[in-house]
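Beneath this line is the structure, given in structure tokens, with notes to follow.
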Amino acid sequence: MATLIDGKALASKVRETIKQRIEQENIKAKLAVILVGNDDASVVYVRNKNKACEKVGIAFEEYLLPEETTQNELIELIDKLNEDVETTGILLQYPIPKHLNVQEAFNRISPLKDVDGFNPMNVGLRTIGDKTGFVPCTPLGIMEMFKEYNIELQGKKAVVIGRSNIVGKPMGQLLQDANCTVTICHSKTQNIEKETITADILVAALGKAKFVKENMIKEGAVVIDVGMDRDEEGKLCGDVDFENVSKKASYITPVPGGVGPMTVAMLLSNTIKAYDIQQNKKN
Ligand code: GUN
């Protein structure tokens, strides 16, 4: 039976460290979150981010824009927040309505306030292994989990399922920087189980309920589940068939209580990093 990687407990530990620093140094950080439209999951995610900021003492401001918002209106708001000295971090909640150009919006967020790490400047810094930029919160949280549980990465075979800009691509890069040999699988990969079965470290980030079955993994693999899906009965589950895969894996993350809380904890950490960067600019 696999050891459970407790993302909730680790997130709480990370929050405590951040809270102490904020109190000791009287840090005045503020995160602005932009939500366009009423995507149900996004509303819940934004609420969780708000609560987490409150817990540690980061100011939080939510900008709720209607579904019919124009690209110009969105860009104007981003420009205003870029200029606002009190706002230290800016996050545009994804997805946004289809008539809007999301990448253009991410490009507009100041690289110094880009706590999601989606601005091309930060994508580029990460790609060349420069740690001064921002790294997306989900892969960053997963790397923290490996550290906390002393999971050796060097020389290991890592397989990532999913190639999104938010998770799959940056995850592959971070694992490669940690000296793993990385394979990225996606919807057009043939015989995917032939790839996943070779993985010492398997990260599932494809968004399909219980896609990873026990016959797809190697005995003793470390299995990280980024999914937030619904099963046939409408119950929350991940991309991994937890019940069966957990019998064969050495470590596994649960859903909920695994990657999700760590993503939010890393958002707090990135917001404090943004504060530090902006303070250094002033001095
Ligand atoms: N939607 C789902 N995950 C994320 C994330 O990490 N950042 C943003 N901005 N939107 C998301």
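All residue names refer to the structure tokens as shown: chains lettered A, B, ... in order, residues numbered from 1 in each chain, ligands numbered from 1 in order.
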Test item: residues at most 8 Å from Leu31 (chain A), only C-alpha atoms, excluding those fewer than 4 positions along its chain, as an MDAnalysis selection string: chainID A and resid 58:61 87:91 271
Taking only region 119-268 of chain A into account, list the residues labelled helix (DSSP H, G or I) by DSSP (computed from the backbone), as an MDAnalysis selection string. chainID A and resid 120:127 137:148 168:177 192:196 214:216 242:245 259:268
Please write the residues from the selection above to a file, keeping C-alpha atoms, as a CSV table (one decimal), in the first residue's frame.
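As a result, selection_20.csv now contains:
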chain,number,residue,atom,x,y,z
A,120,PRO,CA,6.4,34.7,-21.8
A,121,MET,CA,9.2,36.5,-19.9
A,122,ASN,CA,8.8,34.1,-17.0
A,123,VAL,CA,8.2,31.1,-19.3
A,124,GLY,CA,11.5,32.0,-21.0
A,125,LEU,CA,13.4,32.4,-17.7
A,126,ARG,CA,12.1,29.0,-16.5
A,127,THR,CA,13.1,27.4,-19.8
A,137,CYS,CA,2.0,27.1,-8.9
A,138,THR,CA,0.9,23.5,-9.6
A,139,PRO,CA,4.2,22.1,-10.7
A,140,LEU,CA,6.0,24.2,-8.1
A,141,GLY,CA,3.8,22.6,-5.4
A,142,ILE,CA,4.5,19.1,-6.7
A,143,MET,CA,8.3,19.8,-6.5
A,144,GLU,CA,7.8,20.8,-2.9
A,145,MET,CA,6.0,17.5,-2.2
A,146,PHE,CA,9.0,15.5,-3.6
A,147,LYS,CA,11.3,17.5,-1.3
A,148,GLU,CA,9.1,17.0,1.8
A,168,GLY,CA,2.4,19.6,-18.2
A,169,LYS,CA,5.0,21.7,-20.0
A,170,PRO,CA,6.4,23.4,-16.9
A,171,MET,CA,6.3,20.1,-14.9
A,172,GLY,CA,8.4,18.4,-17.6
A,173,GLN,CA,10.9,21.2,-17.4
A,174,LEU,CA,11.2,21.2,-13.6
A,175,LEU,CA,11.6,17.4,-13.6
A,176,GLN,CA,14.3,17.7,-16.3
A,177,ASP,CA,16.1,20.3,-14.3
A,192,ILE,CA,0.2,5.4,-23.7
A,193,GLU,CA,0.4,2.5,-21.3
A,194,LYS,CA,3.8,1.5,-22.9
A,195,GLU,CA,5.1,4.9,-21.7
A,196,THR,CA,3.5,5.1,-18.3
A,214,GLU,CA,-3.1,-0.1,-12.0
A,215,ASN,CA,-2.0,-2.0,-15.1
A,216,MET,CA,-0.5,1.2,-16.5
A,242,PHE,CA,-6.8,5.8,-6.6
A,243,GLU,CA,-8.3,2.7,-5.1
A,244,ASN,CA,-6.4,0.3,-7.3
A,245,VAL,CA,-3.3,2.3,-8.2
A,259,VAL,CA,-2.0,18.7,-5.3
A,260,GLY,CA,-4.9,21.3,-4.9
A,261,PRO,CA,-3.9,22.7,-1.5
A,262,MET,CA,-0.3,22.9,-2.5
A,263,THR,CA,-1.1,24.9,-5.7
A,264,VAL,CA,-2.8,27.5,-3.5
A,265,ALA,CA,0.1,27.5,-1.0
A,266,MET,CA,2.6,28.1,-3.8
A,267,LEU,CA,0.4,31.0,-5.0
A,268,LEU,CA,1.0,32.6,-1.6
Which residues are close to region 280-282 of chain A, i.e. within 12 Å by only C-alpha atoms, leaving aside same-chain residues fewer than 6 positions away? Reply as a PyMOL selection string. chain A and resi 85+112+273-274
Restrict the selected residues to N, CA, C and O atoms and save them as a PDB file, in the first residue's frame.
ATOM      1  N   VAL A  85       0.657  50.570  -7.135  1.00  0.00           N
ATOM      2  CA  VAL A  85       1.803  50.183  -6.299  1.00  0.00           C
ATOM      3  C   VAL A  85       1.406  49.245  -5.158  1.00  0.00           C
ATOM      4  O   VAL A  85       2.229  48.463  -4.683  1.00  0.00           O
ATOM      5  N   LEU A 112       6.835  41.166 -13.327  1.00  0.00           N
ATOM      6  CA  LEU A 112       7.210  41.298 -11.909  1.00  0.00           C
ATOM      7  C   LEU A 112       6.038  40.995 -10.975  1.00  0.00           C
ATOM      8  O   LEU A 112       6.225  40.803  -9.778  1.00  0.00           O
ATOM      9  N   LYS A 273       7.140  36.344  -3.087  1.00  0.00           N
ATOM     10  CA  LYS A 273       8.310  36.524  -3.963  1.00  0.00           C
ATOM     11  C   LYS A 273       8.137  37.796  -4.800  1.00  0.00           C
ATOM     12  O   LYS A 273       9.088  38.566  -4.975  1.00  0.00           O
ATOM     13  N   ALA A 274       6.915  38.040  -5.285  1.00  0.00           N
ATOM     14  CA  ALA A 274       6.631  39.248  -6.075  1.00  0.00           C
ATOM     15  C   ALA A 274       6.862  40.499  -5.215  1.00  0.00           C
ATOM     16  O   ALA A 274       7.450  41.484  -5.671  1.00  0.00           O
TER      17      ALA A 274
END
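You can rank A:Asn72, A:Pro66, A:Lys19, A:Ile109 by their closest distance to Glu54 (chain A) using only C-alpha atoms, and at the top of that list sits A:Lys19.
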Give me the residues within 7 Å of region 154-165 of chain A as a PDB file with C-alpha atoms, in the first residue's frame, counting only C-alpha atoms and dropping any in the same chain fewer than 3 places off.
ATOM      1  CA  GLY A 168       2.351  19.596 -18.249  1.00  0.00           C
ATOM      2  CA  LYS A 169       5.018  21.701 -19.965  1.00  0.00           C
ATOM      3  CA  PRO A 170       6.435  23.426 -16.869  1.00  0.00           C
ATOM      4  CA  GLY A 172       8.366  18.426 -17.584  1.00  0.00           C
ATOM      5  CA  ALA A 178      15.995  17.900 -11.337  1.00  0.00           C
ATOM      6  CA  ASN A 179      17.872  15.404 -13.550  1.00  0.00           C
ATOM      7  CA  CYS A 180      14.970  13.129 -14.461  1.00  0.00           C
ATOM      8  CA  THR A 181      14.640  11.671 -17.942  1.00  0.00           C
ATOM      9  CA  VAL A 182      11.274  13.031 -19.011  1.00  0.00           C
ATOM     10  CA  THR A 183       8.584  11.840 -21.413  1.00  0.00           C
ATOM     11  CA  ILE A 184       5.528  14.002 -22.057  1.00  0.00           C
ATOM     12  CA  CYS A 185       2.419  12.101 -23.196  1.00  0.00           C
ATOM     13  CA  HIS A 186      -0.708  13.697 -24.663  1.00  0.00           C
ATOM     14  CA  THR A 196       3.466   5.135 -18.315  1.00  0.00           C
ATOM     15  CA  ALA A 199       7.720   5.697 -15.104  1.00  0.00           C
ATOM     16  CA  ASP A 200       9.395   5.880 -11.698  1.00  0.00           C
ATOM     17  CA  ILE A 201       7.569   9.194 -11.326  1.00  0.00           C
ATOM     18  CA  LEU A 202       4.170   9.576 -12.996  1.00  0.00           C
ATOM     19  CA  VAL A 203       2.318  12.904 -13.107  1.00  0.00           C
ATOM     20  CA  ALA A 204      -1.251  12.733 -14.418  1.00  0.00           C
ATOM     21  CA  ALA A 205      -2.549  16.085 -15.647  1.00  0.00           C
ATOM     22  CA  LEU A 206      -4.929  15.309 -18.485  1.00  0.00           C
TER      23      LEU A 206
END
For Leu35 (chain A), please output as number ranges by chain all residues within 7 Å (counting only C-alpha atoms; exclusion window: fewer than 4 positions along the same chain). A: 63-65, 92-93
To one decimal in Å, tell me the separation between CA of Gly234 (chain A) and CA of Lys51 (chain A).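 Between these atoms lies a distance of 25.5 Å.
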Would you pick out the contacts of region 230-232 of chain A at 9 Å or less, using only C-alpha atoms, so that residues sharing its chain but fewer than 2 positions from it are not included, and give the list as a PyMOL selection string? chain A and resi 208-210+228+234-238
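Using only C-alpha atoms and all ligand atoms, the nearest neighbour of ligand 1 within the list A:Asp229, A:Asp6, A:Asp116, A:Asp40 is A:Asp116.
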Given only C-alpha atoms and all ligand atoms as the basis, pick out the residue of A:Val43, A:Val14, A:Ala9, A:Ile22 nearest to ligand 1.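 Under the stated criterion, the closest residue is A:Val43.
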